[in-house]
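File shown: protein-v9.cif. Contents: mmCIF, N, CA and C atoms and all ligand atoms.
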data_query
#
loop_
_atom_site.label_atom_id
_atom_site.label_comp_id
_atom_site.auth_asym_id
_atom_site.auth_seq_id
_atom_site.Cartn_x
_atom_site.Cartn_y
_atom_site.Cartn_z
N MET A 1 119.11 107.93 148.98
CA MET A 1 119.54 108.60 147.75
C MET A 1 118.95 107.90 146.52
N ILE A 2 119.05 106.57 146.53
CA ILE A 2 118.51 105.83 145.39
C ILE A 2 116.99 105.98 145.34
N LYS A 3 116.38 105.95 146.52
CA LYS A 3 114.94 106.10 146.60
C LYS A 3 114.52 107.46 146.01
N LYS A 4 115.27 108.46 146.36
CA LYS A 4 114.96 109.81 145.89
C LYS A 4 115.10 109.90 144.37
N LEU A 5 116.14 109.26 143.89
CA LEU A 5 116.38 109.26 142.44
C LEU A 5 115.24 108.55 141.72
N ALA A 6 114.84 107.41 142.30
CA ALA A 6 113.75 106.64 141.69
C ALA A 6 112.47 107.46 141.68
N LEU A 7 112.24 108.17 142.77
CA LEU A 7 111.02 108.99 142.84
C LEU A 7 111.04 110.09 141.78
N SER A 8 112.19 110.75 141.63
CA SER A 8 112.23 111.83 140.64
C SER A 8 112.12 111.27 139.23
N LEU A 9 112.61 110.05 139.03
CA LEU A 9 112.48 109.42 137.71
C LEU A 9 111.01 109.15 137.41
N VAL A 10 110.29 108.69 138.42
CA VAL A 10 108.85 108.46 138.24
C VAL A 10 108.16 109.76 137.88
N MET A 11 108.56 110.84 138.56
CA MET A 11 107.93 112.13 138.29
C MET A 11 108.22 112.60 136.87
N VAL A 12 109.46 112.36 136.43
CA VAL A 12 109.82 112.75 135.06
C VAL A 12 108.99 111.96 134.06
N LEU A 13 108.86 110.67 134.29
CA LEU A 13 108.08 109.83 133.38
C LEU A 13 106.62 110.25 133.35
N ALA A 14 106.09 110.59 134.52
CA ALA A 14 104.70 111.01 134.59
C ALA A 14 104.50 112.31 133.81
N ALA A 15 105.46 113.20 133.95
CA ALA A 15 105.35 114.48 133.25
C ALA A 15 105.44 114.29 131.74
N ALA A 16 106.22 113.29 131.32
CA ALA A 16 106.44 113.07 129.89
C ALA A 16 105.30 112.27 129.26
N ALA A 17 104.49 111.64 130.09
CA ALA A 17 103.47 110.73 129.58
C ALA A 17 102.56 111.33 128.51
N PRO A 18 102.06 112.56 128.69
CA PRO A 18 101.15 113.09 127.67
C PRO A 18 101.80 113.19 126.29
N LEU A 19 103.11 113.37 126.26
CA LEU A 19 103.81 113.52 124.98
C LEU A 19 103.93 112.19 124.26
N THR A 20 103.93 111.11 125.02
CA THR A 20 104.14 109.81 124.39
C THR A 20 102.82 109.10 124.08
N THR A 21 101.70 109.71 124.46
CA THR A 21 100.41 109.11 124.13
C THR A 21 100.23 109.09 122.62
N PRO A 22 99.94 107.94 122.04
CA PRO A 22 99.78 107.89 120.58
C PRO A 22 98.59 108.73 120.11
N ALA A 23 98.71 109.27 118.92
CA ALA A 23 97.62 110.06 118.36
C ALA A 23 96.38 109.19 118.22
N SER A 24 95.24 109.75 118.45
CA SER A 24 94.01 108.97 118.33
C SER A 24 93.75 108.66 116.86
N ALA A 25 92.97 107.64 116.62
CA ALA A 25 92.67 107.23 115.25
C ALA A 25 92.01 108.37 114.47
N ALA A 26 91.29 109.23 115.17
CA ALA A 26 90.60 110.33 114.50
C ALA A 26 91.57 111.33 113.88
N ASP A 27 92.81 111.35 114.39
CA ASP A 27 93.80 112.28 113.86
C ASP A 27 94.49 111.76 112.61
N GLU A 28 94.37 110.49 112.34
CA GLU A 28 95.06 109.90 111.20
C GLU A 28 94.32 110.22 109.91
N PRO A 29 95.05 110.56 108.83
CA PRO A 29 94.38 110.87 107.56
C PRO A 29 93.94 109.64 106.79
N VAL A 30 94.32 108.45 107.26
CA VAL A 30 93.96 107.21 106.56
C VAL A 30 93.46 106.19 107.57
N ARG A 31 92.34 105.57 107.26
CA ARG A 31 91.96 104.40 108.05
C ARG A 31 91.45 103.35 107.09
N GLU A 32 91.64 102.11 107.47
CA GLU A 32 91.33 101.00 106.56
C GLU A 32 90.13 100.22 107.05
N ILE A 33 89.26 99.88 106.11
CA ILE A 33 88.14 98.99 106.43
C ILE A 33 88.12 97.87 105.39
N SER A 34 87.26 96.91 105.61
CA SER A 34 87.02 95.87 104.62
C SER A 34 85.60 96.05 104.11
N GLY A 35 85.43 96.07 102.79
CA GLY A 35 84.09 96.25 102.24
C GLY A 35 84.13 96.33 100.72
N HIS A 36 82.99 96.67 100.13
CA HIS A 36 82.93 96.84 98.69
C HIS A 36 81.77 97.77 98.34
N GLY A 37 81.87 98.36 97.17
CA GLY A 37 80.79 99.22 96.68
C GLY A 37 80.93 100.66 97.14
N LEU A 38 80.21 101.53 96.44
CA LEU A 38 80.25 102.96 96.75
C LEU A 38 79.64 103.26 98.10
N ASP A 39 78.65 102.49 98.51
CA ASP A 39 77.97 102.74 99.79
C ASP A 39 78.90 102.55 100.99
N ALA A 40 79.99 101.82 100.78
CA ALA A 40 80.93 101.59 101.89
C ALA A 40 81.77 102.83 102.20
N CYS A 41 81.71 103.81 101.31
CA CYS A 41 82.56 105.00 101.47
C CYS A 41 81.84 106.08 102.25
N PRO A 42 82.36 106.47 103.42
CA PRO A 42 81.70 107.51 104.23
C PRO A 42 81.75 108.88 103.54
N ASP A 43 80.83 109.74 103.93
CA ASP A 43 80.80 111.11 103.41
C ASP A 43 82.09 111.84 103.83
N HIS A 44 82.43 112.86 103.08
CA HIS A 44 83.62 113.69 103.36
C HIS A 44 84.90 112.86 103.36
N SER A 45 85.02 111.96 102.41
CA SER A 45 86.25 111.19 102.33
C SER A 45 86.53 110.75 100.89
N LEU A 46 87.78 110.38 100.68
CA LEU A 46 88.22 109.79 99.43
C LEU A 46 88.48 108.32 99.72
N CYS A 47 87.81 107.44 99.01
CA CYS A 47 87.99 106.01 99.26
C CYS A 47 88.82 105.39 98.14
N LEU A 48 89.89 104.73 98.54
CA LEU A 48 90.72 103.97 97.60
C LEU A 48 90.41 102.50 97.81
N TYR A 49 90.05 101.83 96.72
CA TYR A 49 89.68 100.42 96.79
C TYR A 49 90.83 99.56 96.29
N GLN A 50 91.03 98.46 96.93
CA GLN A 50 92.11 97.53 96.56
C GLN A 50 91.93 96.96 95.15
N ASP A 51 90.69 96.74 94.75
CA ASP A 51 90.42 96.12 93.46
C ASP A 51 89.57 97.03 92.57
N ARG A 52 89.52 96.68 91.32
CA ARG A 52 88.69 97.44 90.37
C ARG A 52 87.21 97.37 90.74
N ASP A 53 86.43 98.27 90.13
CA ASP A 53 84.97 98.28 90.34
C ASP A 53 84.61 98.33 91.82
N TYR A 54 85.36 99.14 92.57
CA TYR A 54 85.05 99.36 94.00
C TYR A 54 85.01 98.04 94.77
N ASN A 55 85.96 97.18 94.43
CA ASN A 55 86.12 95.84 95.01
C ASN A 55 85.08 94.85 94.51
N GLY A 56 84.32 95.21 93.49
CA GLY A 56 83.36 94.26 92.91
C GLY A 56 82.30 93.85 93.91
N THR A 57 82.04 92.57 94.00
CA THR A 57 80.98 92.08 94.89
C THR A 57 81.54 91.41 96.14
N GLU A 58 82.87 91.40 96.26
CA GLU A 58 83.50 90.77 97.43
C GLU A 58 84.13 91.84 98.31
N ASP A 59 84.12 91.63 99.61
CA ASP A 59 84.80 92.54 100.51
C ASP A 59 86.31 92.47 100.31
N ALA A 60 86.93 93.61 100.26
CA ALA A 60 88.39 93.70 100.19
C ALA A 60 88.77 95.01 100.86
N ARG A 61 90.05 95.35 100.79
CA ARG A 61 90.52 96.51 101.53
C ARG A 61 90.02 97.82 100.91
N ILE A 62 89.62 98.73 101.77
CA ILE A 62 89.28 100.10 101.37
C ILE A 62 90.03 101.04 102.31
N TRP A 63 90.77 101.98 101.73
CA TRP A 63 91.44 103.00 102.53
C TRP A 63 90.62 104.28 102.46
N ILE A 64 90.17 104.72 103.62
CA ILE A 64 89.35 105.93 103.72
C ILE A 64 90.27 107.09 104.06
N ILE A 65 90.35 108.05 103.15
CA ILE A 65 91.30 109.15 103.30
C ILE A 65 90.55 110.44 103.58
N THR A 66 90.98 111.14 104.62
CA THR A 66 90.30 112.38 105.02
C THR A 66 91.24 113.58 105.06
N GLY A 67 92.50 113.38 104.68
CA GLY A 67 93.46 114.47 104.67
C GLY A 67 94.65 114.11 103.80
N SER A 68 95.56 115.07 103.62
CA SER A 68 96.72 114.81 102.78
C SER A 68 97.60 113.71 103.38
N VAL A 69 98.20 112.92 102.50
CA VAL A 69 99.05 111.81 102.93
C VAL A 69 100.34 111.87 102.13
N GLU A 70 101.46 112.04 102.79
CA GLU A 70 102.75 112.11 102.09
C GLU A 70 103.23 110.74 101.65
N ARG A 71 102.88 109.73 102.43
CA ARG A 71 103.36 108.38 102.12
C ARG A 71 102.27 107.36 102.44
N LEU A 72 101.63 106.84 101.42
CA LEU A 72 100.64 105.80 101.67
C LEU A 72 101.31 104.54 102.20
N SER A 73 102.61 104.42 102.00
CA SER A 73 103.34 103.25 102.52
C SER A 73 103.24 103.17 104.04
N ALA A 74 103.05 104.31 104.70
CA ALA A 74 102.92 104.31 106.15
C ALA A 74 101.65 103.59 106.61
N TYR A 75 100.73 103.38 105.68
CA TYR A 75 99.45 102.73 106.00
C TYR A 75 99.29 101.41 105.23
N ASP A 76 100.40 100.89 104.75
CA ASP A 76 100.39 99.66 103.95
C ASP A 76 99.44 99.80 102.76
N ALA A 77 99.40 101.01 102.18
CA ALA A 77 98.48 101.28 101.07
C ALA A 77 99.22 101.73 99.82
N ASN A 78 100.55 101.62 99.81
CA ASN A 78 101.31 102.10 98.66
C ASN A 78 101.11 101.20 97.44
N ASP A 79 100.86 101.82 96.28
CA ASP A 79 100.74 101.08 95.01
C ASP A 79 99.70 99.96 95.08
N ARG A 80 98.58 100.23 95.72
CA ARG A 80 97.56 99.19 95.86
C ARG A 80 96.21 99.55 95.25
N ALA A 81 95.88 100.85 95.24
CA ALA A 81 94.52 101.23 94.82
C ALA A 81 94.27 100.91 93.35
N SER A 82 93.08 100.36 93.07
CA SER A 82 92.70 100.05 91.69
C SER A 82 91.43 100.75 91.24
N SER A 83 90.68 101.31 92.20
CA SER A 83 89.52 102.15 91.87
C SER A 83 89.33 103.13 93.02
N LEU A 84 88.54 104.17 92.76
CA LEU A 84 88.35 105.16 93.83
C LEU A 84 87.01 105.85 93.71
N TYR A 85 86.61 106.42 94.82
CA TYR A 85 85.38 107.22 94.89
C TYR A 85 85.65 108.41 95.78
N LEU A 86 85.42 109.61 95.25
CA LEU A 86 85.56 110.82 96.05
C LEU A 86 84.18 111.20 96.58
N HIS A 87 83.90 110.80 97.81
CA HIS A 87 82.60 111.08 98.41
C HIS A 87 82.69 112.44 99.11
N SER A 88 82.78 113.48 98.30
CA SER A 88 83.03 114.83 98.81
C SER A 88 82.71 115.82 97.70
N HIS A 89 82.45 117.07 98.10
CA HIS A 89 82.25 118.13 97.11
C HIS A 89 83.55 118.86 96.82
N HIS A 90 84.63 118.47 97.48
CA HIS A 90 85.92 119.11 97.26
C HIS A 90 86.73 118.30 96.24
N SER A 91 88.03 118.53 96.20
CA SER A 91 88.87 117.81 95.23
C SER A 91 90.08 117.20 95.94
N ALA A 92 90.73 116.29 95.23
CA ALA A 92 91.94 115.65 95.76
C ALA A 92 92.84 115.32 94.58
N THR A 93 94.15 115.39 94.80
CA THR A 93 95.11 115.04 93.76
C THR A 93 95.91 113.82 94.21
N LEU A 94 96.04 112.87 93.31
CA LEU A 94 96.72 111.61 93.63
C LEU A 94 98.01 111.51 92.82
N TYR A 95 99.08 111.08 93.48
CA TYR A 95 100.42 111.08 92.89
C TYR A 95 101.00 109.67 92.80
N ALA A 96 101.82 109.47 91.77
CA ALA A 96 102.48 108.18 91.59
C ALA A 96 103.66 107.99 92.55
N ASP A 97 104.18 109.10 93.09
CA ASP A 97 105.32 108.99 93.99
C ASP A 97 104.97 109.59 95.35
N ALA A 98 105.79 109.24 96.35
CA ALA A 98 105.60 109.79 97.69
C ALA A 98 105.87 111.29 97.68
N GLU A 99 105.40 111.96 98.71
CA GLU A 99 105.62 113.40 98.92
C GLU A 99 105.10 114.25 97.77
N HIS A 100 103.99 113.82 97.19
CA HIS A 100 103.29 114.61 96.17
C HIS A 100 104.19 114.89 94.97
N LYS A 101 104.82 113.84 94.46
CA LYS A 101 105.70 113.96 93.30
C LYS A 101 105.28 112.95 92.22
N GLY A 102 105.83 113.20 91.03
CA GLY A 102 105.60 112.27 89.93
C GLY A 102 104.30 112.53 89.19
N ASP A 103 103.89 111.58 88.37
CA ASP A 103 102.63 111.69 87.63
C ASP A 103 101.49 111.93 88.61
N ARG A 104 100.50 112.71 88.17
CA ARG A 104 99.40 113.03 89.08
C ARG A 104 98.10 113.22 88.31
N PHE A 105 97.01 113.03 89.00
CA PHE A 105 95.70 113.37 88.45
C PHE A 105 94.81 113.85 89.58
N THR A 106 93.84 114.66 89.21
CA THR A 106 92.97 115.27 90.21
C THR A 106 91.55 114.78 90.02
N VAL A 107 90.89 114.49 91.13
CA VAL A 107 89.48 114.11 91.08
C VAL A 107 88.66 115.21 91.75
N PHE A 108 87.46 115.39 91.24
CA PHE A 108 86.59 116.45 91.73
C PHE A 108 85.31 115.85 92.28
N ARG A 109 84.49 116.71 92.79
CA ARG A 109 83.28 116.35 93.53
C ARG A 109 82.59 115.08 93.02
N ARG A 110 82.58 114.11 93.87
CA ARG A 110 81.87 112.84 93.67
C ARG A 110 82.34 112.05 92.45
N ASP A 111 83.57 112.27 92.04
CA ASP A 111 84.12 111.47 90.94
C ASP A 111 84.17 110.00 91.33
N GLN A 112 83.88 109.15 90.37
CA GLN A 112 83.96 107.70 90.55
C GLN A 112 84.82 107.14 89.43
N LEU A 113 85.91 106.49 89.80
CA LEU A 113 86.78 105.87 88.80
C LEU A 113 86.85 104.38 89.10
N ALA A 114 86.18 103.60 88.26
CA ALA A 114 86.09 102.16 88.50
C ALA A 114 87.38 101.44 88.13
N ASP A 115 88.25 102.12 87.36
CA ASP A 115 89.49 101.50 86.90
C ASP A 115 90.54 102.59 86.76
N LEU A 116 91.62 102.49 87.53
CA LEU A 116 92.61 103.56 87.54
C LEU A 116 93.62 103.46 86.39
N ASP A 117 93.44 102.53 85.49
CA ASP A 117 94.25 102.56 84.28
C ASP A 117 93.62 103.54 83.29
N ARG A 118 94.50 104.26 82.61
CA ARG A 118 94.08 105.26 81.64
C ARG A 118 93.19 106.35 82.25
N VAL A 119 93.73 107.02 83.25
CA VAL A 119 93.09 108.24 83.75
C VAL A 119 93.80 109.42 83.10
N SER A 120 93.10 110.54 82.97
CA SER A 120 93.70 111.73 82.40
C SER A 120 94.40 112.52 83.50
N GLY A 121 95.68 112.85 83.28
CA GLY A 121 96.42 113.56 84.31
C GLY A 121 97.59 114.33 83.74
N ARG A 122 98.56 114.60 84.59
CA ARG A 122 99.74 115.36 84.18
C ARG A 122 100.99 114.59 84.55
N SER A 123 102.02 114.79 83.75
CA SER A 123 103.31 114.16 84.01
C SER A 123 104.34 115.28 84.11
N PRO A 124 105.29 115.20 85.06
CA PRO A 124 106.27 116.28 85.23
C PRO A 124 107.00 116.57 83.91
N GLY A 125 107.09 117.84 83.55
CA GLY A 125 107.81 118.24 82.35
C GLY A 125 107.02 118.15 81.07
N VAL A 126 105.80 117.64 81.14
CA VAL A 126 104.96 117.53 79.94
C VAL A 126 103.89 118.63 80.02
N PRO A 127 103.84 119.53 79.02
CA PRO A 127 102.97 120.70 79.14
C PRO A 127 101.49 120.45 78.85
N HIS A 128 101.12 119.24 78.54
CA HIS A 128 99.72 118.97 78.24
C HIS A 128 99.25 117.74 79.03
N ALA A 129 97.94 117.56 79.06
CA ALA A 129 97.38 116.41 79.76
C ALA A 129 97.81 115.11 79.08
N VAL A 130 97.99 114.08 79.87
CA VAL A 130 98.41 112.78 79.33
C VAL A 130 97.55 111.69 79.94
N HIS A 131 97.52 110.54 79.28
CA HIS A 131 96.87 109.37 79.88
C HIS A 131 97.87 108.68 80.81
N LEU A 132 97.42 108.37 81.99
CA LEU A 132 98.28 107.73 82.98
C LEU A 132 97.73 106.35 83.33
N TRP A 133 98.64 105.44 83.59
CA TRP A 133 98.25 104.11 84.06
C TRP A 133 98.50 104.09 85.57
N MET A 134 97.49 104.37 86.34
CA MET A 134 97.67 104.57 87.78
C MET A 134 97.19 103.39 88.61
N ASN A 135 96.83 102.29 87.94
CA ASN A 135 96.46 101.11 88.71
C ASN A 135 97.65 100.62 89.55
N ASP A 136 97.43 100.39 90.82
CA ASP A 136 98.50 99.95 91.74
C ASP A 136 99.72 100.87 91.67
N SER A 137 99.46 102.17 91.58
CA SER A 137 100.57 103.12 91.42
C SER A 137 100.49 104.32 92.37
N ILE A 138 99.39 104.52 93.06
CA ILE A 138 99.23 105.74 93.86
C ILE A 138 100.04 105.64 95.15
N SER A 139 100.84 106.68 95.40
CA SER A 139 101.74 106.66 96.57
C SER A 139 101.53 107.81 97.53
N SER A 140 100.87 108.90 97.08
CA SER A 140 100.58 110.00 98.01
C SER A 140 99.34 110.74 97.53
N VAL A 141 98.75 111.50 98.43
CA VAL A 141 97.49 112.19 98.15
C VAL A 141 97.56 113.61 98.70
N TRP A 142 97.12 114.56 97.91
CA TRP A 142 97.04 115.94 98.37
C TRP A 142 95.57 116.35 98.43
N VAL A 143 95.22 116.88 99.59
CA VAL A 143 93.86 117.38 99.79
C VAL A 143 93.98 118.87 100.08
N GLY A 144 93.14 119.66 99.51
CA GLY A 144 93.23 121.11 99.68
C GLY A 144 93.05 121.56 101.13
N ARG A 145 93.31 122.83 101.34
CA ARG A 145 93.25 123.43 102.66
C ARG A 145 91.90 123.21 103.34
N ASP A 146 90.85 123.15 102.55
CA ASP A 146 89.51 123.02 103.13
C ASP A 146 89.16 121.58 103.50
N GLY A 147 90.05 120.63 103.22
CA GLY A 147 89.78 119.24 103.53
C GLY A 147 88.78 118.63 102.57
N LEU A 148 88.16 117.56 102.99
CA LEU A 148 87.20 116.87 102.11
C LEU A 148 85.78 116.97 102.64
CA CA A 201 95.09 96.93 93.49
#
As structure tokens, how would this structure be written, given the file I've shared?
Amino acid sequence: MIKKLALSLVMVLAAAAPLTTPASAADEPVREISGHGLDACPDHSLCLYQDRDYNGTEDARIWIITGSVERLSAYDANDRASSLYLHSHHSATLYADAEHKGDRFTVFRRDQLADLDRVSGRSPGVPHAVHLWMNDSISSVWVGRDGL
């Protein structure tokens, strides 16, 4: 009886295995590398750099974003970006809060922002464009339906 139970448990676990397989890295909208400069940013992606001027001349963290992200905190990237490069012909909107909330600004095809302080954007409830201080403030990213 116990043997039979153990066998059926094994079968249940085997059947459940595909569901518990972790998503491959290719499915994740964020991956992190170490590097610097615009050349470090792959095509069809939005690169967030840890430091100003695309990390300057020293290697530092770069988050390569290829899809919408509700919480950069899930990738240890919350409130860290200081410069960015949109290596894409599409657009992306970056938010000060998680889940695409709070102050926001949009970047368009191949935009390069060496310093995320004083970017032009929008603030909730304000009917006109405003200057935003987004250095170390980005918490979520929205990418359009077509991706990057
Ligand atoms: Ca930073």
Return as a compact mmCIF listing (two decimals) with N, CA and C atoms, in the coordinates of the input the full set of residues in range 61-144 of chain A whose backbone-based DSSP assignment is strand (DSSP E or B).
# COMPACT_ATOMS: atom_id res chain seq x y z
N ARG A 61 90.05 95.35 100.79
CA ARG A 61 90.52 96.51 101.53
C ARG A 61 90.02 97.82 100.91
N ILE A 62 89.62 98.73 101.77
CA ILE A 62 89.28 100.10 101.37
C ILE A 62 90.03 101.04 102.31
N TRP A 63 90.77 101.98 101.73
CA TRP A 63 91.44 103.00 102.53
C TRP A 63 90.62 104.28 102.46
N ILE A 64 90.17 104.72 103.62
CA ILE A 64 89.35 105.93 103.72
C ILE A 64 90.27 107.09 104.06
N ILE A 65 90.35 108.05 103.15
CA ILE A 65 91.30 109.15 103.30
C ILE A 65 90.55 110.44 103.58
N VAL A 69 98.20 112.92 102.50
CA VAL A 69 99.05 111.81 102.93
C VAL A 69 100.34 111.87 102.13
N SER A 83 90.68 101.31 92.20
CA SER A 83 89.52 102.15 91.87
C SER A 83 89.33 103.13 93.02
N LEU A 84 88.54 104.17 92.76
CA LEU A 84 88.35 105.16 93.83
C LEU A 84 87.01 105.85 93.71
N TYR A 85 86.61 106.42 94.82
CA TYR A 85 85.38 107.22 94.89
C TYR A 85 85.65 108.41 95.78
N LEU A 86 85.42 109.61 95.25
CA LEU A 86 85.56 110.82 96.05
C LEU A 86 84.18 111.20 96.58
N HIS A 87 83.90 110.80 97.81
CA HIS A 87 82.60 111.08 98.41
C HIS A 87 82.69 112.44 99.11
N ALA A 92 90.73 116.29 95.23
CA ALA A 92 91.94 115.65 95.76
C ALA A 92 92.84 115.32 94.58
N THR A 93 94.15 115.39 94.80
CA THR A 93 95.11 115.04 93.76
C THR A 93 95.91 113.82 94.21
N LEU A 94 96.04 112.87 93.31
CA LEU A 94 96.72 111.61 93.63
C LEU A 94 98.01 111.51 92.82
N TYR A 95 99.08 111.08 93.48
CA TYR A 95 100.42 111.08 92.89
C TYR A 95 101.00 109.67 92.80
N ALA A 96 101.82 109.47 91.77
CA ALA A 96 102.48 108.18 91.59
C ALA A 96 103.66 107.99 92.55
N ASP A 97 104.18 109.10 93.09
CA ASP A 97 105.32 108.99 93.99
C ASP A 97 104.97 109.59 95.35
N LYS A 101 104.82 113.84 94.46
CA LYS A 101 105.70 113.96 93.30
C LYS A 101 105.28 112.95 92.22
N GLY A 102 105.83 113.20 91.03
CA GLY A 102 105.60 112.27 89.93
C GLY A 102 104.30 112.53 89.19
N ASP A 103 103.89 111.58 88.37
CA ASP A 103 102.63 111.69 87.63
C ASP A 103 101.49 111.93 88.61
N ARG A 104 100.50 112.71 88.17
CA ARG A 104 99.40 113.03 89.08
C ARG A 104 98.10 113.22 88.31
N PHE A 105 97.01 113.03 89.00
CA PHE A 105 95.70 113.37 88.45
C PHE A 105 94.81 113.85 89.58
N THR A 106 93.84 114.66 89.21
CA THR A 106 92.97 115.27 90.21
C THR A 106 91.55 114.78 90.02
N VAL A 107 90.89 114.49 91.13
CA VAL A 107 89.48 114.11 91.08
C VAL A 107 88.66 115.21 91.75
N GLN A 112 83.88 109.15 90.37
CA GLN A 112 83.96 107.70 90.55
C GLN A 112 84.82 107.14 89.43
N LEU A 113 85.91 106.49 89.80
CA LEU A 113 86.78 105.87 88.80
C LEU A 113 86.85 104.38 89.10
N ASP A 117 93.44 102.53 85.49
CA ASP A 117 94.25 102.56 84.28
C ASP A 117 93.62 103.54 83.29
N ARG A 118 94.50 104.26 82.61
CA ARG A 118 94.08 105.26 81.64
C ARG A 118 93.19 106.35 82.25
N VAL A 119 93.73 107.02 83.25
CA VAL A 119 93.09 108.24 83.75
C VAL A 119 93.80 109.42 83.10
N SER A 120 93.10 110.54 82.97
CA SER A 120 93.70 111.73 82.40
C SER A 120 94.40 112.52 83.50
N GLY A 121 95.68 112.85 83.28
CA GLY A 121 96.42 113.56 84.31
C GLY A 121 97.59 114.33 83.74
N ARG A 122 98.56 114.60 84.59
CA ARG A 122 99.74 115.36 84.18
C ARG A 122 100.99 114.59 84.55
N VAL A 130 97.99 114.08 79.87
CA VAL A 130 98.41 112.78 79.33
C VAL A 130 97.55 111.69 79.94
N HIS A 131 97.52 110.54 79.28
CA HIS A 131 96.87 109.37 79.88
C HIS A 131 97.87 108.68 80.81
N LEU A 132 97.42 108.37 81.99
CA LEU A 132 98.28 107.73 82.98
C LEU A 132 97.73 106.35 83.33
N TRP A 133 98.64 105.44 83.59
CA TRP A 133 98.25 104.11 84.06
C TRP A 133 98.50 104.09 85.57
N SER A 140 100.87 108.90 97.08
CA SER A 140 100.58 110.00 98.01
C SER A 140 99.34 110.74 97.53
N VAL A 141 98.75 111.50 98.43
CA VAL A 141 97.49 112.19 98.15
C VAL A 141 97.56 113.61 98.70
N TRP A 142 97.12 114.56 97.91
CA TRP A 142 97.04 115.94 98.37
C TRP A 142 95.57 116.35 98.43
N VAL A 143 95.22 116.88 99.59
CA VAL A 143 93.86 117.38 99.79
C VAL A 143 93.98 118.87 100.08
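Between ligand CA 201 (chain A) and the candidates A:Asp51, A:Glu32, A:Asp76, A:Asp115, the tightest atom-to-atom separation, counting all atoms listed in the file, involves A:Asp51.
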- Message: Using only N, CA and C atoms and a cutoff of 8 Å, can you tell me which residues are near (88.8, 117.1, 95.6) in the file's coordinates, and write them out as an MDAnalysis selection string?
- Response: chainID A and resid 86 88:93 106:111 142:144 147:148
Go ahead and dump the residues you just picked, N, CA and C atoms, as a PDB file, keeping the file's coordinate frame.
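Output (part30.pdb):
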ATOM      1  N   LEU A  86      85.420 109.610  95.250  1.00  0.00           N
ATOM      2  CA  LEU A  86      85.560 110.820  96.050  1.00  0.00           C
ATOM      3  C   LEU A  86      84.180 111.200  96.580  1.00  0.00           C
ATOM      4  N   SER A  88      82.780 113.480  98.300  1.00  0.00           N
ATOM      5  CA  SER A  88      83.030 114.830  98.810  1.00  0.00           C
ATOM      6  C   SER A  88      82.710 115.820  97.700  1.00  0.00           C
ATOM      7  N   HIS A  89      82.450 117.070  98.100  1.00  0.00           N
ATOM      8  CA  HIS A  89      82.250 118.130  97.110  1.00  0.00           C
ATOM      9  C   HIS A  89      83.550 118.860  96.820  1.00  0.00           C
ATOM     10  N   HIS A  90      84.630 118.470  97.480  1.00  0.00           N
ATOM     11  CA  HIS A  90      85.920 119.110  97.260  1.00  0.00           C
ATOM     12  C   HIS A  90      86.730 118.300  96.240  1.00  0.00           C
ATOM     13  N   SER A  91      88.030 118.530  96.200  1.00  0.00           N
ATOM     14  CA  SER A  91      88.870 117.810  95.230  1.00  0.00           C
ATOM     15  C   SER A  91      90.080 117.200  95.940  1.00  0.00           C
ATOM     16  N   ALA A  92      90.730 116.290  95.230  1.00  0.00           N
ATOM     17  CA  ALA A  92      91.940 115.650  95.760  1.00  0.00           C
ATOM     18  C   ALA A  92      92.840 115.320  94.580  1.00  0.00           C
ATOM     19  N   THR A  93      94.150 115.390  94.800  1.00  0.00           N
ATOM     20  CA  THR A  93      95.110 115.040  93.760  1.00  0.00           C
ATOM     21  C   THR A  93      95.910 113.820  94.210  1.00  0.00           C
ATOM     22  N   THR A 106      93.840 114.660  89.210  1.00  0.00           N
ATOM     23  CA  THR A 106      92.970 115.270  90.210  1.00  0.00           C
ATOM     24  C   THR A 106      91.550 114.780  90.020  1.00  0.00           C
ATOM     25  N   VAL A 107      90.890 114.490  91.130  1.00  0.00           N
ATOM     26  CA  VAL A 107      89.480 114.110  91.080  1.00  0.00           C
ATOM     27  C   VAL A 107      88.660 115.210  91.750  1.00  0.00           C
ATOM     28  N   PHE A 108      87.460 115.390  91.240  1.00  0.00           N
ATOM     29  CA  PHE A 108      86.590 116.450  91.730  1.00  0.00           C
ATOM     30  C   PHE A 108      85.310 115.850  92.280  1.00  0.00           C
ATOM     31  N   ARG A 109      84.490 116.710  92.790  1.00  0.00           N
ATOM     32  CA  ARG A 109      83.280 116.350  93.530  1.00  0.00           C
ATOM     33  C   ARG A 109      82.590 115.080  93.020  1.00  0.00           C
ATOM     34  N   ARG A 110      82.580 114.110  93.870  1.00  0.00           N
ATOM     35  CA  ARG A 110      81.870 112.840  93.670  1.00  0.00           C
ATOM     36  C   ARG A 110      82.340 112.050  92.450  1.00  0.00           C
ATOM     37  N   ASP A 111      83.570 112.270  92.040  1.00  0.00           N
ATOM     38  CA  ASP A 111      84.120 111.470  90.940  1.00  0.00           C
ATOM     39  C   ASP A 111      84.170 110.000  91.330  1.00  0.00           C
ATOM     40  N   TRP A 142      97.120 114.560  97.910  1.00  0.00           N
ATOM     41  CA  TRP A 142      97.040 115.940  98.370  1.00  0.00           C
ATOM     42  C   TRP A 142      95.570 116.350  98.430  1.00  0.00           C
ATOM     43  N   VAL A 143      95.220 116.880  99.590  1.00  0.00           N
ATOM     44  CA  VAL A 143      93.860 117.380  99.790  1.00  0.00           C
ATOM     45  C   VAL A 143      93.980 118.870 100.080  1.00  0.00           C
ATOM     46  N   GLY A 144      93.140 119.660  99.510  1.00  0.00           N
ATOM     47  CA  GLY A 144      93.230 121.110  99.680  1.00  0.00           C
ATOM     48  C   GLY A 144      93.050 121.560 101.130  1.00  0.00           C
ATOM     49  N   GLY A 147      90.050 120.630 103.220  1.00  0.00           N
ATOM     50  CA  GLY A 147      89.780 119.240 103.530  1.00  0.00           C
ATOM     51  C   GLY A 147      88.780 118.630 102.570  1.00  0.00           C
ATOM     52  N   LEU A 148      88.160 117.560 102.990  1.00  0.00           N
ATOM     53  CA  LEU A 148      87.200 116.870 102.110  1.00  0.00           C
ATOM     54  C   LEU A 148      85.780 116.970 102.640  1.00  0.00           C
TER      55      LEU A 148
END
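Counting from CA of Leu113 in chain A, the distance to atom CA of ligand CA 201 (chain A) is 13.1 Å.
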